[in-house]
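One structure below.
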Amino acid sequence: MAIFHTPKEAFSALRPICVKITKEQTVSNVQCLQSQLQKVGDAALQELQEYVLFPLRFSLRTPGLKQERFVQSVVECIHFIISRTCVQNQQQLCDIFSELSLCLSSPGNHGKLAITSEELKMAVVQGFIALLHSAYGDILLCLYQPHMLPTQGFIISLLLDIAEHEKSRQLQILALKCLLVLILQCDCPDMHCSFDNSDHMQVGDAFASFLPGITLAMSRIISGDVKQGHLVTSYAIKVWYKLVGLVMASDQVSKKHHDKKTLFAEGSKLAELVICRKPEWVKNTANKLDILLRKLCSCAAGNPHWKVRLELIELVYHLLSYCNKSLKQSIGYLLEVLVGLLGDERPEVHTRCSQVLRNVTELCMICENKDFTDVLSENLHALTTALPRLMRTLDDQSKLKSLGLLLGYLKLLGPKVNVVLNSTVHLGRLSKALMQVLELDVTDVRIVEERCLNAEADDLQHQMRFLSGWDHSRTGDKPSMQKKYFKHFTEESVFALLQQTCRVLGYYGNLYLVVDHFMDLYQESVVYRKQAALVINEMLLGAAGLDVDVLHKRETPVSAADLKAIVTSIIEEYTSRANWHLVTSIESEHETGLNTNQPTFQGFTKGSCNDCLHTSESLTVHTMNSNIWQICIQLEGIGYFAHVLNKEFRQLLMTSLYPVIEKVGAETLLISQTATRTLVDLCEACGYDSLQELINLNSDYLVNTISLNLRRLTQNPHTPRVISVMFSYSDASLLPLLDDVIQDVLLSLDHYHNEKAQLIFNVLHSLMTALAHWFPPKHRVQKEDKAHNKACRSATTAEEIHCFLKEYQRQKNLAEGHVEDIDLDKTECEIPDQLEPDISSDHPDVKKDLPAHIQIAKDVMERCIHLLSDKSIKLRLKVLDVLEQCVVVLQNNVNELLPMVHRVWSPFVQRLTNDDPLVVLRAFQVLCRLADTCGDFLRSRVSKNILPKVTESLVSQAPVSAKAGPIYSHTLSYKVQLAELQGLGKLCEKLDLGETDLDMVASTCLPYLSSRQPWKLQDAACSVFYHLNEVDPDATWLILNEVYCPNTYSPPHSSLPTIQLTGMGKHRNEFTDNILQLLQGFE
């Protein structure tokens, strides 16, 4: 709290100590003065300022050596006074300024910094800052008069020495802050006096003399050891660009400067210090600053601390804003630095960089600064020229930086990018650079090898997933996009930058111009085709404003009509025969060249048509891989275009939906997955709820195209794929519309059964799988006899005997022809359900029309009969797959099923008994399906034709599998054994085989109960005995006990003979464990 508020009171209190200091210059006296000053009010102190400062200044001017501690206390006291008052006298300001500087001067060498303590240096620097802040009004400008240049130079040299060489980080930062205050660029929160342009011009003239020294010193600090701390580096950057922005400001150097050297005598040292900022000086200085600028930007951009990089952005922004004319040669590099920082990992740096880029771009457009456009165009041209070489030689981080520059230049140009694109040279360089950078790596053989399961062996459950209203847009179960591999980079972030580059081109550029140019490259060479399609796809996304990051909005967006016209032409090019039906495998090459005059792969590449065999010899994996990727990129493009047009794309479905569906059914896995993803994109963009709705609502023109193509199947070999996909994704409502198509498919099979049977049977398999799902079979109720027997078997012993005798008498009467003894009600119930329609019909002689799906199943099964004996194993397997689905569809219509089974039986038996093991395995599975549906109809046939062969096969293989090692489980023989054992018991139960057949099966399966057999074969053999127990439990129990009997049985009465079984009394053996398990299971 102040005690002395009036100057009179304060003078009375301060006069004694001021006089004492004048006489006795000691630290205690100075400290006493400072303590007294704390009791004086600010207003009173302002009135007594000169009086109080006099003894302190006198102490500093007194000649002779002084103690550091005394000088420090004097400077601290001066700092205390001037920080509370204003210096209103110019001469006093200049004098104190000089006196403070002498405190750090070396006694032996007045031009050098004295070797003093850090505390004294800090006190003097703080005194400088306080003095400059306390200057009242514009009297501060007196420091920047030409006669003050030597003093200014001396102080600046001291501050630079401290900032560069001192170890104290706090002292370094304080010296740099003092330099900022000297150039009127203080960043402290205190209020500062405002100066006009003429004042800044005076300061700029003064500091032009010190520009080289300060910029060099700051550059050394910036490029110094990072251990000095980010604050030192950041302040050094700030001093550098604030000073350069002051001295090289475009609005200052463009004005005419009066040569102040004429004010001084010629040859005087003061005249040598004065700099006149003439155009020649500005040009030379700019060239030298450019060298320093590149060095410090390079160091700052690589600094690990993000605040240094943030300050570098401010440097670029400041120089581009204030020195864009004087530093013309540096503008390109400054923009390069700014664009390079756009991809910084720190969000603060990235966000600020985006803001600065946006401001610079807007400034450029408002001012119509042609220099900026020219510089950006030149930089862009130079970069695109060097880009292919950079992408081949640099590491991924450097590639990211280079591509970031490319993207940044395009963003900075904004709408003015058309200036570059209108130049044939620039557009050619840019496009060729993109073509080379985006070159795909097509050496991965897996792309060609991976086949689609849907085209090979569709199983029922797999198809049902598609058919049960599969909705990608809701479930998110969208096929993932395959990662693309490029020749010149591996990082996903690099590809993301290239995508953004293409989208920015589409957003700002003349869309017709760039699309036409890249379509020319697409058509020019197969080498550029994939890359050109990638660029076109991304440009269309950018043109629609989708997933594109720009600095400012374009003036006029592309109209919907223009987008639609461009998309239409691109889709026509993509789906043309030469670009859509490419060779992706040896099989597809043969298929393409079969019975047709269209050119094959060599015809596309060489312009000639050769035979299929010759073409296949010249086909390479790389070529097929390249074709696969081209098709996938084109499919992705169609999906992109759908999102570009949204519901407007519905009008293009007539030309695009059929080709996409065709590729969904492709054998190559990558193509099929990409096409499925595209189909989902079409569904989402056009507003359909599911793929089923998409196909059903557009089925009319799909069916029309299919019908036309089926009549020229040799020219359109992929048509069956479309039908397969339609079946997979649709429902029963589509069947009436597809009836004629199905008949055309069957007719095509009749005409091309040698060439197209495999492809058409893929269609038939999809058809029958769909029918089995659309018209699921009703569960058949088990026969009453069987249920009755099981009920009796589970009852008490007396009831069991009663049931047995009653059933025995009924069967005996039936065998002897005594029909009247049979319960007619019960017999009537046993009449097959399938006969009821004929009995109740008004016209029993007229056969009713069959349902459409039953008639289709019969027609398909008819074709299976003829092709079951085909020489192709692959086709025979596919026929068996289709046959099984036919049986599923017909199983509730036994009047239609049994005659067809009768006709198919002969060739089917050959597949079971005399064919390749793979076919035998599949045929046995079909037999199990037939047993489920046909039952008694097959009993005698299986017993006579099948069972002997199967048991013979199992008996011959039992010793082999018992001795085999673990690798045996991977062989085809093992799989056949396993399938036969797993189905044999079910077969016996379903067909209710006789005692002889059951004995044959049991004796065949006994060796497989051995613990030496593979465990899966043991389990399968056990399952056979479980099923046999359902048919004849007594015989099954006896057979097992004859091998090993764990218990002894005593007769219930002494008159009965002793029970003797072969297995009694035997030691444990290899069959013991499985037999015990079975007997326990029977109980």
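Letters A, B, ... go to the chains of the structure tokens in the order shown; residues in each chain start at 1; ligands are counted from 1 in the same order.
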Env of Pro959 of chain A: 10 Å cut, atoms = only C-alpha atoms, seq-sep filter 4 positions within chain, self excluded. Answer as a list in words. Leu954, Val955, Lys963, Ala964, Pro1007, Tyr1008, Arg1012 and Gln1013 of chain A
Pick out each residue of segment 555-784 of chain A that DSSP on the backbone tags as alpha helix (DSSP H); I need them as a PyMOL selection string. chain A and resi 560-574+577-580+586-593+601-606+612-618+621-645+653-664+669-686+691-697+699-710+719-729+735-751+757-774+784
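Using only C-alpha atoms, the shortest contact distance between Phe128 of chain A and any of A:Phe207, A:Ser354, A:Gln145, A:Ile156 is found at A:Ile156.
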Nearest to His753 of chain A by atom-to-atom distance, counting only C-alpha atoms, from A:Ser377, A:Ser872, A:Thr655, A:Asn197: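 When distances to His753 of chain A are compared using only C-alpha atoms, the smallest one comes from A:Ser872.
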Between A:Leu710, A:Val360, A:Leu143, A:Leu341, which one has atoms that come closest to Ser402 of chain A, using only C-alpha atoms?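 Checking each of A:Leu710, A:Val360, A:Leu143, A:Leu341 against Ser402 of chain A, counting only C-alpha atoms, the winner is A:Leu341.
For the pair atom CA of Gly302 of chain A and atom CA of Ala163 of chain A, the separation is 21.7 Å.
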Considering only C-alpha atoms, return as a list in words whatever protein or nucleic-acid residues lie within 8 Å of segment 242-250 of chain A, sequence-local ones (same chain, fewer than 4 positions apart) excluded.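 That gives Leu180, Ile183, Gln185, His200, Gly204, Asp205, Phe207, Ala208, Leu211, Lys238, Ser254, Val282, His318, Leu319, Tyr322, Cys323, Asn324, Lys325, Ser326 and Leu327 of chain A.
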May I ask which of the residues A:Arg352, A:Arg577, A:Lys756, A:Arg529 is the closest one to Gln630 of chain A, counting only C-alpha atoms? A:Arg529
For Leu376 of chain A, please output as JSON, numbers by chain all residues within 9 Å (counting only C-alpha atoms; exclusion window: fewer than 4 positions along the same chain). {"A": [331, 332, 335, 371, 372, 380, 381, 409, 410, 412, 413]}
